[in-house]
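Just my_file.cif here, mmCIF, C-alpha atoms and all ligand atoms:
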```
data_work
loop_
_atom_site.label_atom_id
_atom_site.label_comp_id
_atom_site.auth_asym_id
_atom_site.auth_seq_id
_atom_site.Cartn_x
_atom_site.Cartn_y
_atom_site.Cartn_z
CA MET A 1 94.27 148.81 151.52
CA ASN A 2 97.30 151.10 151.24
CA VAL A 3 98.99 151.05 147.89
CA CYS A 4 102.68 150.37 148.35
CA VAL A 5 104.98 151.72 145.66
CA VAL A 6 107.99 149.83 144.33
CA VAL A 7 110.49 152.23 142.78
CA ALA A 8 113.01 151.18 140.15
CA ALA A 9 115.87 153.03 138.46
CA ALA A 10 116.67 153.28 134.76
CA ILE A 11 120.37 154.20 134.80
CA VAL A 12 121.89 154.83 131.38
CA VAL A 13 125.62 155.44 130.96
CA ASP A 14 127.38 155.56 127.58
CA GLY A 15 124.37 154.15 125.74
CA ARG A 16 123.90 151.19 128.05
CA LEU A 17 121.23 150.43 130.65
CA LEU A 18 122.17 149.01 134.03
CA LEU A 19 120.18 145.90 134.94
CA ALA A 20 120.48 143.72 138.03
CA GLN A 21 119.91 139.99 138.22
CA ARG A 22 117.55 138.83 140.97
CA ARG A 23 118.29 135.93 143.31
CA ARG A 24 114.83 135.73 144.88
CA PRO A 25 112.01 134.80 145.04
CA ALA A 26 112.44 131.49 143.23
CA ALA A 27 110.03 132.57 140.49
CA LEU A 28 112.27 135.54 139.61
CA ASP A 29 115.65 133.91 140.30
CA GLY A 30 118.06 134.69 137.46
CA LEU A 31 115.82 137.29 135.80
CA TRP A 32 116.99 140.87 135.24
CA GLU A 33 115.29 143.98 136.64
CA LEU A 34 115.76 147.66 137.15
CA PRO A 35 117.32 147.96 140.62
CA GLY A 36 115.12 149.39 143.38
CA GLY A 37 112.62 148.24 145.98
CA LYS A 38 109.67 149.11 148.16
CA VAL A 39 109.04 152.61 149.50
CA GLU A 40 109.02 152.42 153.29
CA PRO A 41 106.63 154.35 155.56
CA GLY A 42 107.69 158.01 155.88
CA GLU A 43 109.82 157.94 152.75
CA THR A 44 109.18 159.72 149.48
CA PRO A 45 109.55 157.49 146.41
CA THR A 46 112.74 159.26 145.36
CA ASP A 47 114.21 158.98 148.88
CA ALA A 48 113.46 155.26 148.73
CA LEU A 49 115.15 154.93 145.37
CA ARG A 50 118.25 156.70 146.66
CA ARG A 51 118.34 154.37 149.70
CA GLU A 52 117.78 151.21 147.68
CA LEU A 53 120.51 152.06 145.19
CA ARG A 54 122.93 152.82 148.01
CA GLU A 55 122.07 149.49 149.68
CA GLU A 56 122.01 147.38 146.52
CA LEU A 57 124.69 148.94 144.33
CA ASP A 58 126.83 151.15 146.62
CA ILE A 59 126.15 154.29 144.57
CA GLU A 60 124.80 157.77 145.28
CA THR A 61 122.11 158.80 142.81
CA GLU A 62 119.61 161.46 141.84
CA ALA A 63 116.21 160.45 140.45
CA GLY A 64 114.93 162.39 137.45
CA GLU A 65 111.86 162.02 135.24
CA ARG A 66 109.50 159.06 135.41
CA ILE A 67 109.81 156.59 132.57
CA GLY A 68 107.14 154.18 131.35
CA VAL A 69 103.72 153.47 132.77
CA GLU A 70 103.02 152.57 136.38
CA VAL A 71 102.63 148.79 136.51
CA PRO A 72 100.15 147.20 138.96
CA LEU A 73 101.67 144.21 140.79
CA ALA A 74 100.09 141.62 143.07
CA ASP A 75 99.31 142.42 146.74
CA GLY A 76 98.43 146.10 146.18
CA LEU A 77 101.92 147.02 144.98
CA VAL A 78 102.54 149.36 142.06
CA LEU A 79 105.83 149.51 140.21
CA ARG A 80 107.22 152.83 139.00
CA ALA A 81 110.48 153.65 137.19
CA TYR A 82 112.58 156.81 137.17
CA LEU A 83 115.43 157.84 134.91
CA THR A 84 118.27 158.09 137.41
CA GLU A 85 121.76 159.58 137.34
CA ILE A 86 124.75 158.26 139.23
CA VAL A 87 126.20 161.08 141.35
CA SER A 88 129.12 159.09 142.74
CA GLY A 89 130.42 155.57 143.02
CA ILE A 90 130.79 152.61 140.70
CA PRO A 91 127.84 150.20 140.83
CA ARG A 92 128.52 146.71 142.16
CA ALA A 93 126.09 143.94 143.08
CA LEU A 94 125.78 143.89 146.88
CA ASP A 95 122.45 142.06 146.91
CA HIS A 96 121.84 140.83 143.35
CA ALA A 97 123.54 137.88 141.65
CA ALA A 98 125.14 140.26 139.11
CA ILE A 99 124.78 143.56 137.35
CA GLY A 100 125.13 144.13 133.62
CA TRP A 101 125.05 146.96 131.09
CA PHE A 102 122.88 146.47 127.98
CA SER A 103 122.53 148.41 124.73
CA ALA A 104 119.21 149.03 122.96
CA ALA A 105 120.08 146.25 120.50
CA GLU A 106 120.79 143.76 123.31
CA LEU A 107 117.78 144.59 125.47
CA PRO A 108 115.05 142.56 123.69
CA ALA A 109 117.02 139.33 124.26
CA VAL A 110 117.52 139.91 128.00
CA ASP A 111 115.47 137.73 130.40
CA LEU A 112 113.67 140.60 132.11
CA VAL A 113 111.24 140.05 134.99
CA PRO A 114 107.83 139.84 133.30
CA ASN A 115 106.46 143.10 134.76
CA ASP A 116 109.34 145.11 133.28
CA ARG A 117 108.74 143.91 129.71
CA MET A 118 106.08 146.60 129.39
CA TRP A 119 108.83 149.21 129.65
CA LEU A 120 110.94 147.82 126.79
CA PRO A 121 109.92 150.44 124.18
CA ASP A 122 110.48 153.29 126.67
CA LEU A 123 113.86 151.91 127.73
CA GLU A 124 114.98 151.36 124.13
CA ARG A 125 113.93 154.94 123.29
CA ALA A 126 115.89 156.31 126.26
CA LEU A 127 118.95 154.32 125.21
CA ARG A 128 118.79 155.43 121.60
CA ALA A 129 118.34 159.07 122.69
CA SER A 130 121.34 158.95 125.04
N1 LIG A 201 113.17 146.33 142.46
C1 LIG A 201 112.38 145.90 141.48
N2 LIG A 201 111.31 145.12 141.80
C2 LIG A 201 110.56 144.70 140.78
C3 LIG A 201 110.81 145.03 139.43
N3 LIG A 201 109.85 144.45 138.64
C4 LIG A 201 109.04 143.76 139.46
O1 LIG A 201 108.05 143.10 139.13
N4 LIG A 201 109.45 143.91 140.78
C5 LIG A 201 108.77 143.33 141.93
C6 LIG A 201 109.51 142.23 142.59
C7 LIG A 201 109.00 142.31 144.01
O2 LIG A 201 107.72 141.70 144.09
C8 LIG A 201 108.79 143.80 144.22
C9 LIG A 201 109.97 144.54 144.82
O3 LIG A 201 110.67 143.71 145.64
P1 LIG A 201 112.16 143.96 146.12
O4 LIG A 201 112.60 142.68 146.71
O5 LIG A 201 113.00 144.54 145.04
O6 LIG A 201 111.94 145.10 147.18
P2 LIG A 201 112.61 145.28 148.60
O7 LIG A 201 114.11 145.16 148.43
O8 LIG A 201 112.09 146.54 149.21
O9 LIG A 201 111.97 144.02 149.27
P3 LIG A 201 112.15 143.21 150.59
O10 LIG A 201 113.05 142.07 150.18
O11 LIG A 201 112.71 144.15 151.61
O12 LIG A 201 110.73 142.76 150.83
O13 LIG A 201 108.57 144.33 142.91
C10 LIG A 201 111.92 145.86 139.12
O14 LIG A 201 112.22 146.20 137.97
N5 LIG A 201 112.68 146.26 140.17
#
```
Using structure tokens, write down the structure from this file.
Amino acid sequence: MNVCVVVAAAIVVDGRLLLAQRRRPAALDGLWELPGGKVEPGETPTDALRRELREELDIETEAGERIGVEVPLADGLVLRAYLTEIVSGIPRALDHAAIGWFSAAELPAVDLVPNDRMWLPDLERALRAS
């Protein structure tokens, strides 16, 4: 089975992390995630991230270093996060229910999708270092 990669962006601006609130599937409705999506055939992971962020948030971005461990998901998917910079644009929710900006102190109380909880210490560290 081919492993399909899901890429997700950790975007930190002024000490706050951008999170996006999912609408679907029902099990994840209302939960917050790092924006991103599946790498499509022929794409590199960072190309996919750039495309997803353009489609979902209307921003141009540049992926940097990986952050956190790679998380195995169901159905042969693996989830991977990258620290990502906004090159241009102001993020707005084109596909999600909402976007929000969260400080390190606020992050533990956010209803994150379960798979992303593993990244909490890494995300808090990145926020405190910013
Ligand atoms: N984008 C994103 N997906 C995540 C995160 N955590 C997590 O478990 N997932 C899961 C949810 C989905 O099963 C899968 C990615 O789905 P998606 O719906 O974002 O991807 P996509 O836009 O390419 O999907 P599709 O609707 O075109 O099938 O990864 C996360 O932080 N960001």
Take every atom of ligand LIG 201 (chain A) listed in the file, pad by 8 Å on each side, and give me the axis-aligned box centre and edge lengths in Å, one decimal, as JSON.
```
{"center_x": 110.9, "center_y": 144.1, "center_z": 144.8, "size_x": 22.4, "size_y": 20.8, "size_z": 29.6}
```
Counting all atoms listed in the file, which protein, DNA or RNA residues come within 6 Å of ligand LIG 201 (chain A), given as a PyMOL selection string? chain A and resi 6+8+33-38+113+115-116
Could you take the residues named above and write them with C-alpha atoms, as a PDB file, in the coordinates of the input?
```
ATOM      1  CA  VAL A   6     107.990 149.830 144.330  1.00  0.00           C
ATOM      2  CA  ALA A   8     113.010 151.180 140.150  1.00  0.00           C
ATOM      3  CA  GLU A  33     115.290 143.980 136.640  1.00  0.00           C
ATOM      4  CA  LEU A  34     115.760 147.660 137.150  1.00  0.00           C
ATOM      5  CA  PRO A  35     117.320 147.960 140.620  1.00  0.00           C
ATOM      6  CA  GLY A  36     115.120 149.390 143.380  1.00  0.00           C
ATOM      7  CA  GLY A  37     112.620 148.240 145.980  1.00  0.00           C
ATOM      8  CA  LYS A  38     109.670 149.110 148.160  1.00  0.00           C
ATOM      9  CA  VAL A 113     111.240 140.050 134.990  1.00  0.00           C
ATOM     10  CA  ASN A 115     106.460 143.100 134.760  1.00  0.00           C
ATOM     11  CA  ASP A 116     109.340 145.110 133.280  1.00  0.00           C
TER      12      ASP A 116
END
```
Within 12 Å of (123.7, 137.2, 139.0) (file coordinates; all atoms listed in the file), which protein or nucleic acid residues are there? I'd like them as an MDAnalysis selection string. chainID A and resid 19:24 28:33 92:100 111
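When only C-alpha atoms are used to compute distances to Val12 of chain A, the closest of the residues A:Val39, A:Val87, A:Val71, A:Ala126 turns out to be A:Ala126.
Atom to atom, atom CA of Leu127 of chain A and atom CA of Ile67 of chain A stand 12.0 Å apart.
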Compare A:Gly15, A:Pro121, A:Pro91, A:Pro114 by their minimum atom-to-atom distance to Arg54 of chain A, counting all atoms listed in the file, and give me the closest one. A:Pro91
Could you give me, as a PDB file with C-alpha atoms, in the coordinates of the input, the residues that sit within 10 Å of (100.6, 148.2, 140.3) in the file's coordinates, counting all atoms listed in the file?
```
ATOM      1  CA  VAL A   3      98.990 151.050 147.890  1.00  0.00           C
ATOM      2  CA  CYS A   4     102.680 150.370 148.350  1.00  0.00           C
ATOM      3  CA  VAL A   5     104.980 151.720 145.660  1.00  0.00           C
ATOM      4  CA  VAL A   6     107.990 149.830 144.330  1.00  0.00           C
ATOM      5  CA  VAL A  69     103.720 153.470 132.770  1.00  0.00           C
ATOM      6  CA  GLU A  70     103.020 152.570 136.380  1.00  0.00           C
ATOM      7  CA  VAL A  71     102.630 148.790 136.510  1.00  0.00           C
ATOM      8  CA  PRO A  72     100.150 147.200 138.960  1.00  0.00           C
ATOM      9  CA  LEU A  73     101.670 144.210 140.790  1.00  0.00           C
ATOM     10  CA  ALA A  74     100.090 141.620 143.070  1.00  0.00           C
ATOM     11  CA  ASP A  75      99.310 142.420 146.740  1.00  0.00           C
ATOM     12  CA  GLY A  76      98.430 146.100 146.180  1.00  0.00           C
ATOM     13  CA  LEU A  77     101.920 147.020 144.980  1.00  0.00           C
ATOM     14  CA  VAL A  78     102.540 149.360 142.060  1.00  0.00           C
ATOM     15  CA  LEU A  79     105.830 149.510 140.210  1.00  0.00           C
ATOM     16  CA  ARG A  80     107.220 152.830 139.000  1.00  0.00           C
ATOM     17  CA  ASN A 115     106.460 143.100 134.760  1.00  0.00           C
TER      18      ASN A 115
END
```
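Atom CA of Trp119 of chain A lies 23.4 Å from atom CA of Ile59 of chain A.
Of note, atom CA of Glu52 of chain A and atom CA of Arg16 of chain A are spaced 20.6 Å apart.
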Using all atoms listed in the file, pick whichever of A:Leu57, A:Ala63, A:Ala26, A:Leu123 has the shortest atom-to-atom distance to Ala105 of chain A. A:Leu123
With the input short on atoms, add N, CA and C atoms back to segment 21-40 of chain A and write it as a PDB file, in the coordinates of the input.
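Saved the output as selection16.pdb:
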```pdb
ATOM      1  N   GLN A  21     120.476 141.335 138.316  1.00  0.00           N
ATOM      2  CA  GLN A  21     119.910 139.990 138.220  1.00  0.00           C
ATOM      3  C   GLN A  21     119.434 139.520 139.589  1.00  0.00           C
ATOM      4  N   ARG A  22     118.137 139.204 139.683  1.00  0.00           N
ATOM      5  CA  ARG A  22     117.550 138.830 140.970  1.00  0.00           C
ATOM      6  C   ARG A  22     117.996 137.443 141.408  1.00  0.00           C
ATOM      7  N   ARG A  23     118.045 137.265 142.726  1.00  0.00           N
ATOM      8  CA  ARG A  23     118.290 135.930 143.310  1.00  0.00           C
ATOM      9  C   ARG A  23     117.001 135.341 143.852  1.00  0.00           C
ATOM     10  N   ARG A  24     116.047 136.198 144.204  1.00  0.00           N
ATOM     11  CA  ARG A  24     114.830 135.730 144.880  1.00  0.00           C
ATOM     12  C   ARG A  24     113.664 136.609 144.500  1.00  0.00           C
ATOM     13  N   PRO A  25     112.415 136.162 144.662  1.00  0.00           N
ATOM     14  CA  PRO A  25     112.010 134.800 145.040  1.00  0.00           C
ATOM     15  C   PRO A  25     112.335 133.797 143.935  1.00  0.00           C
ATOM     16  N   ALA A  26     112.064 132.530 144.188  1.00  0.00           N
ATOM     17  CA  ALA A  26     112.440 131.490 143.230  1.00  0.00           C
ATOM     18  C   ALA A  26     111.879 131.775 141.843  1.00  0.00           C
ATOM     19  N   ALA A  27     110.664 132.321 141.795  1.00  0.00           N
ATOM     20  CA  ALA A  27     110.030 132.570 140.490  1.00  0.00           C
ATOM     21  C   ALA A  27     110.787 133.607 139.663  1.00  0.00           C
ATOM     22  N   LEU A  28     111.540 134.478 140.333  1.00  0.00           N
ATOM     23  CA  LEU A  28     112.270 135.540 139.610  1.00  0.00           C
ATOM     24  C   LEU A  28     113.772 135.310 139.611  1.00  0.00           C
ATOM     25  N   ASP A  29     114.213 134.195 140.187  1.00  0.00           N
ATOM     26  CA  ASP A  29     115.650 133.910 140.300  1.00  0.00           C
ATOM     27  C   ASP A  29     116.291 133.878 138.908  1.00  0.00           C
ATOM     28  N   GLY A  30     117.330 134.669 138.735  1.00  0.00           N
ATOM     29  CA  GLY A  30     118.060 134.690 137.460  1.00  0.00           C
ATOM     30  C   GLY A  30     117.540 135.703 136.456  1.00  0.00           C
ATOM     31  N   LEU A  31     116.377 136.293 136.734  1.00  0.00           N
ATOM     32  CA  LEU A  31     115.820 137.290 135.800  1.00  0.00           C
ATOM     33  C   LEU A  31     116.393 138.676 136.127  1.00  0.00           C
ATOM     34  N   TRP A  32     116.387 139.538 135.115  1.00  0.00           N
ATOM     35  CA  TRP A  32     116.990 140.870 135.240  1.00  0.00           C
ATOM     36  C   TRP A  32     115.911 141.914 135.478  1.00  0.00           C
ATOM     37  N   GLU A  33     116.243 142.920 136.286  1.00  0.00           N
ATOM     38  CA  GLU A  33     115.290 143.980 136.640  1.00  0.00           C
ATOM     39  C   GLU A  33     116.012 145.308 136.701  1.00  0.00           C
ATOM     40  N   LEU A  34     115.206 146.368 136.781  1.00  0.00           N
ATOM     41  CA  LEU A  34     115.760 147.660 137.150  1.00  0.00           C
ATOM     42  C   LEU A  34     115.943 147.635 138.664  1.00  0.00           C
ATOM     43  N   PRO A  35     117.107 148.025 139.167  1.00  0.00           N
ATOM     44  CA  PRO A  35     117.320 147.960 140.620  1.00  0.00           C
ATOM     45  C   PRO A  35     116.380 148.910 141.359  1.00  0.00           C
ATOM     46  N   GLY A  36     116.027 148.547 142.589  1.00  0.00           N
ATOM     47  CA  GLY A  36     115.120 149.390 143.380  1.00  0.00           C
ATOM     48  C   GLY A  36     114.484 148.563 144.474  1.00  0.00           C
ATOM     49  N   GLY A  37     113.314 148.989 144.929  1.00  0.00           N
ATOM     50  CA  GLY A  37     112.620 148.240 145.980  1.00  0.00           C
ATOM     51  C   GLY A  37     111.437 149.028 146.510  1.00  0.00           C
ATOM     52  N   LYS A  38     110.913 148.548 147.630  1.00  0.00           N
ATOM     53  CA  LYS A  38     109.670 149.110 148.160  1.00  0.00           C
ATOM     54  C   LYS A  38     109.930 150.426 148.909  1.00  0.00           C
ATOM     55  N   VAL A  39     109.010 151.369 148.715  1.00  0.00           N
ATOM     56  CA  VAL A  39     109.040 152.610 149.500  1.00  0.00           C
ATOM     57  C   VAL A  39     108.583 152.278 150.914  1.00  0.00           C
ATOM     58  N   GLU A  40     109.370 152.707 151.904  1.00  0.00           N
ATOM     59  CA  GLU A  40     109.020 152.420 153.290  1.00  0.00           C
ATOM     60  C   GLU A  40     108.202 153.570 153.874  1.00  0.00           C
TER      61      GLU A  40
END
```
